Amino acid sequence: MATKTYAGQSVEVNDEGYMVNASEWTKEIAAEMAKEEGIDLTDKHYEVLEFLRNANEKGETLTIRRVGKSGITDIKGLYQLFPGGPLKFSSKFAGIPKPASCV
């Protein structure tokens with residue numbers, strides 16, 4: 001485990017950069033994490049992040065298809081919002097564990 005500072009707050013992250021404690025998440029932390037990957041978060045990004053956080057809190061299985069059926073965006077839109085790893089990056093920025101479906 002490592003500690004990183006985002007938005008002036010120290011957070012514990014695992015070896016892949018995912019937050020260890022989801023309760024420490026803020027939109028400001030998400031924005032700084034996304035900037036490291038070259039992504040500027042918009043309201044649509046935050047809608048996806050909130051959807052993932054809520055689904056994770058309920059113990060639901062997270063998949064790209066599930067997000068695509070959320071009504072927030074379709075699968076193509078998810079790839080446009082989070083290029084190079086839509087579920088991997090969106091879950092990382094949402095402050096939740098990496099879904100099992102991500103490699």
# chains A, B, ... in the order shown; residues from 1 in each chain; ligands from 1
>>> residues_around(residues="Lys92 (chain A)", least_positions_apart="3", cutoff="10 Å", atoms="only C-alpha atoms", output="PyMOL selection string")
chain A and resi 16-19+30+33-34+49+86-89+95-99
>>> select_by_dssp(residues="chain A", states="strand (DSSP E or B)", output="ChimeraX atom specification")
/A:2-6,9-13,19
